[in-house]
Amino acid sequence: MEHLTLPDATWQTRPGLSELCDVLGATHGQTRFVGGAVRDTLLGIEVSDVDLATRHSPEEVLDRLRGARIKAVPTGLAHGTITAVLADGKPVEITTLRSDVATDGRHATVAFTDDWREDAARRDFTINALYADPVTRELFDYFDGRADLASGRVRFIGDPLQRIAEDHLRILRFFRFHARFGDVPDAAGLEACATRANDLMALSRERIAAELLKLLVAPGAVATLMLMVGRGILLPVLPEIVLTGVEAFARVAAGELAAGVDRDPIRRLAAILPRDAKIGEDVAARLKLSTLQRKRIVSALLPDVPAPQELVYRLGRERALDRWLIAHPADAERAQFIRDWTAPGFPLGGGAIVARGVDKGPDVARLLKLVEDQWIAEGFPDADRTNQIADDAVAQFKRSTTIA
């Protein structure tokens, strides 16, 4: 029988990767590439993360790496995972072959094994259970993952209901991988996800957020979200996401593309929510997003949308794009302007107001803001005009205080 091999790709020549594979016994069949690096290479797309599966115990992996003076980080020792840091600083995750002993939908107790097929059987989808020999590049495909990859089908290994019961996050992973690689959704997988959607309530909101944000920037995000909303997948954990939100999200995604703006997961999350800053704040808090991410979502959903220049000056380019694209997704020309325009700095400080005869105190800050607002309203004029605005504001202030 003909042996299929992994195509050549640039990631295979990363500094130190070949040496790492040698240290882990790849020449004797003890270690293989696995998962995303194999899958994405078969698709001809760029590989970001490289993972290795090995027959060696975690302790043996640590000993071998330390003996070869390769930096080793025991990132998940209880689950058999060690991270090696290559010469170029890039990590490679190494995991001992495993089988599940017990699962509760969130965590698994594992036993280590030396059986490649047993390790493949505990993985979630057939397209993620592909292995390749680092030396010969021979492919190992135990569950027809290559055929599913070719047909654009994300398919659970084994019984979908059982696999979801083992790890509830697989519901979201099913849709995230479908949004990236899928064509027609696997019927059995889709039905199982819909049946077990309430299981998402048992997951940490951080894990839900991580999967959702990845899904939102996938090529098939719009169609996949339509599918998810139609089957009630997100209803137990994110009832705010409804069909009208997905339609708005589709317009924003099209606006990003037309304006040449990168797909942004936080902007897209804001786009899919109702245009209500309080709801955005509640969802961001529920998903335990960072403070910066929460502020972006709230800002994006505020109703006032000034002119593009003022938006960039007051909010910065990123938040300006958020609010403009959500409010005006079809206006690609102005979105491009926001993307490219650099706001000037305000040329005056409080000292300029004091120098005009105003005593230090709150009046200085108030006058400075009045001058700045007028400067913005006039389209950021030059220093001469800015000084004239300041003169007028101070003169009016002095007249009003004299009258008072």
# chains A, B, ... in the order shown; residues from 1 in each chain; ligands from 1

$ select_by_dssp --residues "range 128-288 of chain A" --states "strand (DSSP E)" --output "list in words"
Leu130, Tyr131, Ala132, Leu139, Phe140 and Asp141 of chain A

$ closest_atom_pairs --of "range 254-326 of chain A" --to "range 201-208 of chain A" --cutoff "12 Å" --atoms "only C-alpha atoms" --output "Markdown table"
| residue | atom | partner | partner_atom | distance |
| --- | --- | --- | --- | --- |
| A:Val283 | CA | A:Arg205 | CA | 10.2 |
| A:Ala284 | CA | A:Arg205 | CA | 10.0 |
| A:Ala285 | CA | A:Arg205 | CA | 9.4 |
| A:Arg286 | CA | A:Arg205 | CA | 6.7 |
| A:Leu287 | CA | A:Arg205 | CA | 4.8 |
| A:Lys288 | CA | A:Glu206 | CA | 6.0 |
| A:Leu289 | CA | A:Glu206 | CA | 7.6 |
| A:Ser290 | CA | A:Glu206 | CA | 10.3 |

$ write_last_selection --atoms "N, CA and C atoms" --output "compact mmCIF listing (two decimals), in the first residue's frame"
# COMPACT_ATOMS: atom_id res chain seq x y z
N VAL A 283 -22.38 41.59 29.08
CA VAL A 283 -21.84 40.43 28.37
C VAL A 283 -20.33 40.34 28.56
N ALA A 284 -19.65 41.47 28.44
CA ALA A 284 -18.19 41.48 28.60
C ALA A 284 -17.79 41.03 30.00
N ALA A 285 -18.55 41.47 31.00
CA ALA A 285 -18.26 41.05 32.37
C ALA A 285 -18.54 39.56 32.56
N ARG A 286 -19.65 39.09 31.97
CA ARG A 286 -19.99 37.68 32.09
C ARG A 286 -18.91 36.79 31.47
N LEU A 287 -18.35 37.24 30.35
CA LEU A 287 -17.30 36.47 29.68
C LEU A 287 -15.92 36.70 30.28
N LYS A 288 -15.88 37.55 31.31
CA LYS A 288 -14.63 37.84 32.03
C LYS A 288 -13.54 38.34 31.07
N LEU A 289 -13.93 39.23 30.18
CA LEU A 289 -12.96 39.84 29.27
C LEU A 289 -12.07 40.81 30.05
N SER A 290 -10.96 41.17 29.45
CA SER A 290 -10.04 42.10 30.11
C SER A 290 -10.69 43.48 30.22

$ residues_around --residues "range 233-238 of chain A" --least-positions-apart "6" --cutoff "7 Å" --atoms "only C-alpha atoms" --output "list of chain:residue names"
A:Ala194, A:Ala197, A:Asn198, A:Leu200, A:Met201

$ write_last_selection --atoms "N, CA and C atoms" --output "JSON list (two decimals), in the first residue's frame"
[["chain", "number", "residue", "atom", "x", "y", "z"],
["A", 194, "ALA", "N", -26.79, 20.53, 19.39],
["A", 194, "ALA", "CA", -28.08, 21.15, 19.72],
["A", 194, "ALA", "C", -28.71, 20.47, 20.92],
["A", 197, "ALA", "N", -26.73, 21.52, 24.18],
["A", 197, "ALA", "CA", -26.35, 22.93, 24.29],
["A", 197, "ALA", "C", -26.35, 23.42, 25.74],
["A", 198, "ASN", "N", -27.25, 22.92, 26.56],
["A", 198, "ASN", "CA", -27.30, 23.35, 27.96],
["A", 198, "ASN", "C", -26.02, 22.99, 28.71],
["A", 200, "LEU", "N", -23.17, 23.81, 28.00],
["A", 200, "LEU", "CA", -22.27, 24.96, 27.99],
["A", 200, "LEU", "C", -22.34, 25.73, 29.30],
["A", 201, "MET", "N", -23.45, 25.63, 30.00],
["A", 201, "MET", "CA", -23.62, 26.36, 31.26],
["A", 201, "MET", "C", -22.64, 25.89, 32.33]]

$ residues_around --residues "Ala277 in chain A" --least-positions-apart "4" --cutoff "9 Å" --atoms "only C-alpha atoms" --output "number ranges by chain"
A: 281-282, 297-303

$ write_last_selection --atoms "N, CA and C atoms" --output "PDB file, in the first residue's frame"
ATOM      1  N   GLU A 281     -21.675  45.843  28.294  1.00  0.00           N
ATOM      2  CA  GLU A 281     -20.911  45.766  29.538  1.00  0.00           C
ATOM      3  C   GLU A 281     -21.241  44.488  30.299  1.00  0.00           C
ATOM      4  N   ASP A 282     -22.522  44.129  30.346  1.00  0.00           N
ATOM      5  CA  ASP A 282     -22.939  42.913  31.054  1.00  0.00           C
ATOM      6  C   ASP A 282     -22.338  41.659  30.405  1.00  0.00           C
ATOM      7  N   ILE A 297     -15.845  47.306  24.012  1.00  0.00           N
ATOM      8  CA  ILE A 297     -17.210  46.895  23.680  1.00  0.00           C
ATOM      9  C   ILE A 297     -18.212  47.972  24.080  1.00  0.00           C
ATOM     10  N   VAL A 298     -18.058  48.521  25.275  1.00  0.00           N
ATOM     11  CA  VAL A 298     -18.964  49.579  25.721  1.00  0.00           C
ATOM     12  C   VAL A 298     -18.858  50.784  24.793  1.00  0.00           C
ATOM     13  N   SER A 299     -17.641  51.183  24.474  1.00  0.00           N
ATOM     14  CA  SER A 299     -17.434  52.330  23.589  1.00  0.00           C
ATOM     15  C   SER A 299     -18.047  52.090  22.217  1.00  0.00           C
ATOM     16  N   ALA A 300     -17.892  50.879  21.696  1.00  0.00           N
ATOM     17  CA  ALA A 300     -18.399  50.568  20.358  1.00  0.00           C
ATOM     18  C   ALA A 300     -19.908  50.668  20.280  1.00  0.00           C
ATOM     19  N   LEU A 301     -20.595  50.447  21.399  1.00  0.00           N
ATOM     20  CA  LEU A 301     -22.055  50.390  21.386  1.00  0.00           C
ATOM     21  C   LEU A 301     -22.725  51.689  21.829  1.00  0.00           C
ATOM     22  N   LEU A 302     -21.938  52.715  22.111  1.00  0.00           N
ATOM     23  CA  LEU A 302     -22.527  54.002  22.467  1.00  0.00           C
ATOM     24  C   LEU A 302     -23.216  54.620  21.251  1.00  0.00           C
ATOM     25  N   PRO A 303     -24.297  55.352  21.457  1.00  0.00           N
ATOM     26  CA  PRO A 303     -25.090  55.814  20.314  1.00  0.00           C
ATOM     27  C   PRO A 303     -24.501  56.985  19.545  1.00  0.00           C
TER      28      PRO A 303
END

$ closest_atom_pairs --of "range 36-82 of chain A" --to "range 130-152 of chain A" --cutoff "12 Å" --atoms "only C-alpha atoms" --output "Markdown table"
| residue | atom | partner | partner_atom | distance |
| --- | --- | --- | --- | --- |
| A:Gly36 | CA | A:Leu130 | CA | 8.3 |
| A:Ala37 | CA | A:Leu130 | CA | 9.2 |
| A:Val38 | CA | A:Leu130 | CA | 6.3 |
| A:Arg39 | CA | A:Leu130 | CA | 6.7 |
| A:Asp40 | CA | A:Leu149 | CA | 9.8 |
| A:Thr41 | CA | A:Ala132 | CA | 10.7 |
| A:Leu42 | CA | A:Arg146 | CA | 8.3 |
| A:Leu43 | CA | A:Leu149 | CA | 8.0 |
| A:Gly44 | CA | A:Leu149 | CA | 11.8 |
| A:Val50 | CA | A:Pro134 | CA | 11.6 |
| A:Asp51 | CA | A:Tyr131 | CA | 10.0 |
| A:Leu52 | CA | A:Tyr131 | CA | 8.9 |
| A:Ala53 | CA | A:Tyr131 | CA | 8.4 |
| A:Thr54 | CA | A:Tyr131 | CA | 10.9 |

$ closest_residue --among "A:Ala223, A:Leu20, A:Ala111, A:Leu86" --to "Pro58 in chain A" --atoms "only C-alpha atoms"
A:Ala111

$ residues_around --residues "range 154-160 of chain A" --least-positions-apart "5" --cutoff "8 Å" --atoms "only C-alpha atoms" --output "PyMOL selection string"
chain A and resi 121-127+143+148-149+174+177-178+181-182+185-186+188-189+192

$ residues_around --residues "Gly351 in chain A" --least-positions-apart "5" --cutoff "10 Å" --atoms "only C-alpha atoms" --output "list in words"
Arg356, Val358, Lys360, Val364 and Leu368 of chain A

$ write_last_selection --atoms "C-alpha atoms" --output "PDB file, in the first residue's frame"
ATOM      1  CA  ARG A 356      -3.480  85.012  29.415  1.00  0.00           C
ATOM      2  CA  VAL A 358      -6.463  83.388  34.341  1.00  0.00           C
ATOM      3  CA  LYS A 360      -4.667  78.671  38.370  1.00  0.00           C
ATOM      4  CA  VAL A 364      -8.077  76.873  33.574  1.00  0.00           C
ATOM      5  CA  LEU A 368      -8.770  74.691  28.013  1.00  0.00           C
TER       6      LEU A 368
END

$ atom_distance --atom1 "CA of Arg64 in chain A" --atom2 "CA of Val23 in chain A"
6.4 Å

$ residues_around --residues "Val61 in chain A" --least-positions-apart "5" --cutoff "8 Å" --atoms "only C-alpha atoms" --output "list in words"
Leu24, His56 and Ile82 of chain A

$ write_last_selection --atoms "N, CA and C atoms" --output "tab-separated table (two decimals), in the first residue's frame"
chain	number	residue	atom	x	y	z
A	24	LEU	N	13.88	13.47	21.06
A	24	LEU	CA	12.70	12.72	21.49
A	24	LEU	C	12.52	11.40	20.74
A	56	HIS	N	7.15	8.74	25.02
A	56	HIS	CA	7.91	8.92	26.26
A	56	HIS	C	7.03	9.49	27.36
A	82	ILE	N	4.51	18.99	28.11
A	82	ILE	CA	5.72	19.77	28.34
A	82	ILE	C	5.88	20.73	27.17

$ closest_residue --among "A:Ala332, A:Leu4, A:Val371, A:Ala72" --to "Gly349 in chain A" --atoms "only C-alpha atoms"
A:Val371
